[in-house]
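Q: Below you will find the structure I want to go over with you.
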Amino acid sequence: MDKIRTRYVLVAWLVLCCVLAYWQTLNKPDRRLVPLREKIQTQHSLTTMSPMEQPDRPKKNLQTQHFLADIINESSMERSCKPKNNYVFIKTEKTGSSSMATILFRYGIKHDLVAAVSSDLHMHIHIDEDTDTLLIYPYNCPHFPGYNYLANHINYNRVALEKVFPRAKYLTIIRSPVTHVKSAFYFFRVLSREYVNFTNPLEEFLRVHLTEEMGNLPLRNWTAEMFFNSQFYRLFDFPENIDEENIDAMLEQLGRELDLVILTEYFDESLVLLRKMMCWDFEDIVYRKLKKHKFEQAPTTPEMERMMKELAPYDLKMHEYFNKTFWQKVENYDGNFEEDLARVRAVQQAVDARCELEPKSEHCQLLAQDVGKSTRLAIENQKKWEIGRASCRERV
């Protein structure tokens, strides 16, 4: 008994140490964030300055600073619109949303915009459902200009969001339930381990969930609830009851409210639409793919695809609806869509090739920055709007 008691004490002590270490990490300011912010803003200023205006620096340094300028030549583009700086991105799970979120954070930080972040400074933003109020970090400087954008996980609640972002562009990202369920299954390893002894773990997982009611499954399978129709639930704020006959009307209403629904399967095409809608530059939509997980996966059979569609009927219907409206936007594109798409891909290929050769360069590091680092960088950048800060007092 003494040995068992000793083991429990040691385990408890280790858990406590881990919690304290994690808490210290969250509350310790990241001293690397300020230089990173300066790099982003320096990069932006240098790519928009003429050669005569640029400061004298060693040739090697200039080549590094021109990382995007020598790939993207925007000088000949006549801007006939005003860039839009207010936007809300409803970040969904396992859809490639992290790559999209980092693009939006990078734009916001570069232009000194204010991001709405969670009140506890984490990456998930919650809503007080009783008052339809976003639980976001408050800035109490008398001259606080207000929030410009949001790019973290949050349920779509238009009433709550409109209180903070009344004139924003609203966008999200979704994908086919077939690839979504598969991606989620292999990402949440806690679930796939339960089926590791099967020849095709995902196939067994699907079979079990088709033959058993969700409530009858072991408690450890709670993560499965995030697989099936989770995109639909996120965008409809987890409705208690779903009227099967009213889903078409629900999707049509959502389509009227959202300015752009990005499709993971057509990410580059979506970026073309985003750039045009926001009146941004090509350099604003450059990205590096994030969260690449190489897990050994069994092949997906036609029967497995059928099961995934059966298990996620709402996600399937939503994807089919927005796939249709997506191509309508492409057909109504103001400009030459194919030329702009070719340019986006050419720029992206050039950036990918450069970052393969120079993965440690400051610009490649910035492009590869994940959502967590981007969120912390935005928080650090926005501390000037806290009461008591010298920057806040100077504006009074």
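In the structure tokens, chains take the letters A, B, ... in the order shown, each chain's residues start at 1, and ligands count up from 1 in the order shown.
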Please identify the strand (DSSP E) residues within stretch 104-229 of chain A (assignment by DSSP from backbone atoms) and present them as a PyMOL selection string.
A: chain A and resi 126-128+133-135+149-150+169-174
Q: Any chance you could export the current selection's C-alpha atoms as a JSON list (two decimals), in the first residue's frame?
A:
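And here is the file that came out, selection_15.json:
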```
[["chain", "number", "residue", "atom", "x", "y", "z"],
["A", 126, "HIS", "CA", -16.60, 31.75, -26.51],
["A", 127, "ILE", "CA", -19.96, 33.51, -26.50],
["A", 128, "ASP", "CA", -22.28, 34.31, -23.61],
["A", 133, "THR", "CA", -21.89, 38.71, -26.18],
["A", 134, "LEU", "CA", -18.42, 37.75, -27.35],
["A", 135, "LEU", "CA", -16.09, 36.90, -24.46],
["A", 149, "TYR", "CA", -10.83, 41.32, -37.26],
["A", 150, "LEU", "CA", -11.27, 37.85, -35.77],
["A", 169, "LYS", "CA", -16.66, 40.86, -44.32],
["A", 170, "TYR", "CA", -17.63, 37.41, -43.06],
["A", 171, "LEU", "CA", -15.92, 34.26, -44.28],
["A", 172, "THR", "CA", -15.32, 30.64, -43.32],
["A", 173, "ILE", "CA", -13.88, 27.43, -44.75],
["A", 174, "ILE", "CA", -15.42, 23.98, -45.23]]
```
Q: Point out the residue among A:Val114, A:Asp237, A:Met100, A:Arg275 with the least atom-to-atom distance to A:Pro83, counting only C-alpha atoms.
A: A:Arg275
Q: State, in Å with one decimal place, the distance from atom CA of A:Glu257 to atom CA of A:Tyr156.
A: 10.6 Å
Q: By how many Å are atom CA of A:Asp370 and atom CA of A:Ala151 apart?
A: 12.2 Å
Q: Could you give me, as a ChimeraX atom specification, each residue of stretch 72-232 of chain A that DSSP assigns to alpha helix (DSSP H) when run on this structure's backbone?
A: /A:97-110,158-164,177-187,189-192,201-211,230-232
Q: Those residues you just picked out, can you put them in a file as a tab-separated table (two decimals), in the first residue's frame with C-alpha atoms?
A:
```tsv
chain	number	residue	atom	x	y	z
A	97	SER	CA	-8.40	26.70	-41.54
A	98	SER	CA	-5.04	27.26	-39.84
A	99	SER	CA	-3.38	28.15	-43.14
A	100	MET	CA	-6.19	30.62	-43.82
A	101	ALA	CA	-6.09	32.08	-40.31
A	102	THR	CA	-2.36	32.79	-40.51
A	103	ILE	CA	-2.92	34.74	-43.75
A	104	LEU	CA	-5.53	36.85	-41.99
A	105	PHE	CA	-3.43	37.38	-38.88
A	106	ARG	CA	-0.41	38.34	-40.95
A	107	TYR	CA	-2.42	40.94	-42.84
A	108	GLY	CA	-3.85	42.34	-39.62
A	109	ILE	CA	-0.48	42.59	-37.89
A	110	LYS	CA	1.20	44.12	-40.94
A	158	ARG	CA	-24.34	36.75	-36.15
A	159	VAL	CA	-26.08	38.78	-33.47
A	160	ALA	CA	-23.09	38.57	-31.12
A	161	LEU	CA	-20.57	39.18	-33.89
A	162	GLU	CA	-22.43	42.17	-35.31
A	163	LYS	CA	-22.09	43.95	-31.97
A	164	VAL	CA	-18.32	44.00	-32.44
A	177	PRO	CA	-17.16	15.27	-45.16
A	178	VAL	CA	-15.27	12.39	-46.79
A	179	THR	CA	-11.87	14.02	-46.44
A	180	HIS	CA	-12.91	15.85	-43.27
A	181	VAL	CA	-13.79	12.71	-41.30
A	182	LYS	CA	-10.64	10.95	-42.45
A	183	SER	CA	-8.44	13.90	-41.52
A	184	ALA	CA	-10.06	14.24	-38.09
A	185	PHE	CA	-9.79	10.51	-37.39
A	186	TYR	CA	-6.07	10.35	-37.99
A	187	PHE	CA	-5.43	13.69	-36.31
A	189	ARG	CA	-4.87	9.81	-32.36
A	190	VAL	CA	-6.70	9.05	-29.11
A	191	LEU	CA	-9.50	7.60	-31.20
A	192	SER	CA	-7.51	5.85	-33.88
A	201	PRO	CA	-8.97	1.30	-38.50
A	202	LEU	CA	-11.09	4.04	-40.07
A	203	GLU	CA	-13.39	1.54	-41.73
A	204	GLU	CA	-14.05	-0.18	-38.39
A	205	PHE	CA	-14.58	3.17	-36.71
A	206	LEU	CA	-17.24	4.06	-39.30
A	207	ARG	CA	-18.90	0.67	-39.05
A	208	VAL	CA	-19.21	0.94	-35.28
A	209	HIS	CA	-20.73	4.42	-35.48
A	210	LEU	CA	-23.24	3.32	-38.09
A	211	THR	CA	-24.41	0.34	-36.06
A	230	SER	CA	-19.15	19.40	-36.91
A	231	GLN	CA	-18.76	21.99	-39.68
A	232	PHE	CA	-22.53	22.40	-39.87
```
Q: In terms of the shortest atom-to-atom distance over only C-alpha atoms, which of A:Phe165, A:Pro138, A:Glu129, A:Asn157 is closest to A:Asn85?
A: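 Nearest to A:Asn85: A:Phe165.
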Q: Please compute the atom CA of A:Ala312-atom CA of A:Ser176 distance, one decimal, in Å.
A: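 Interatomic distance here is 9.7 Å.
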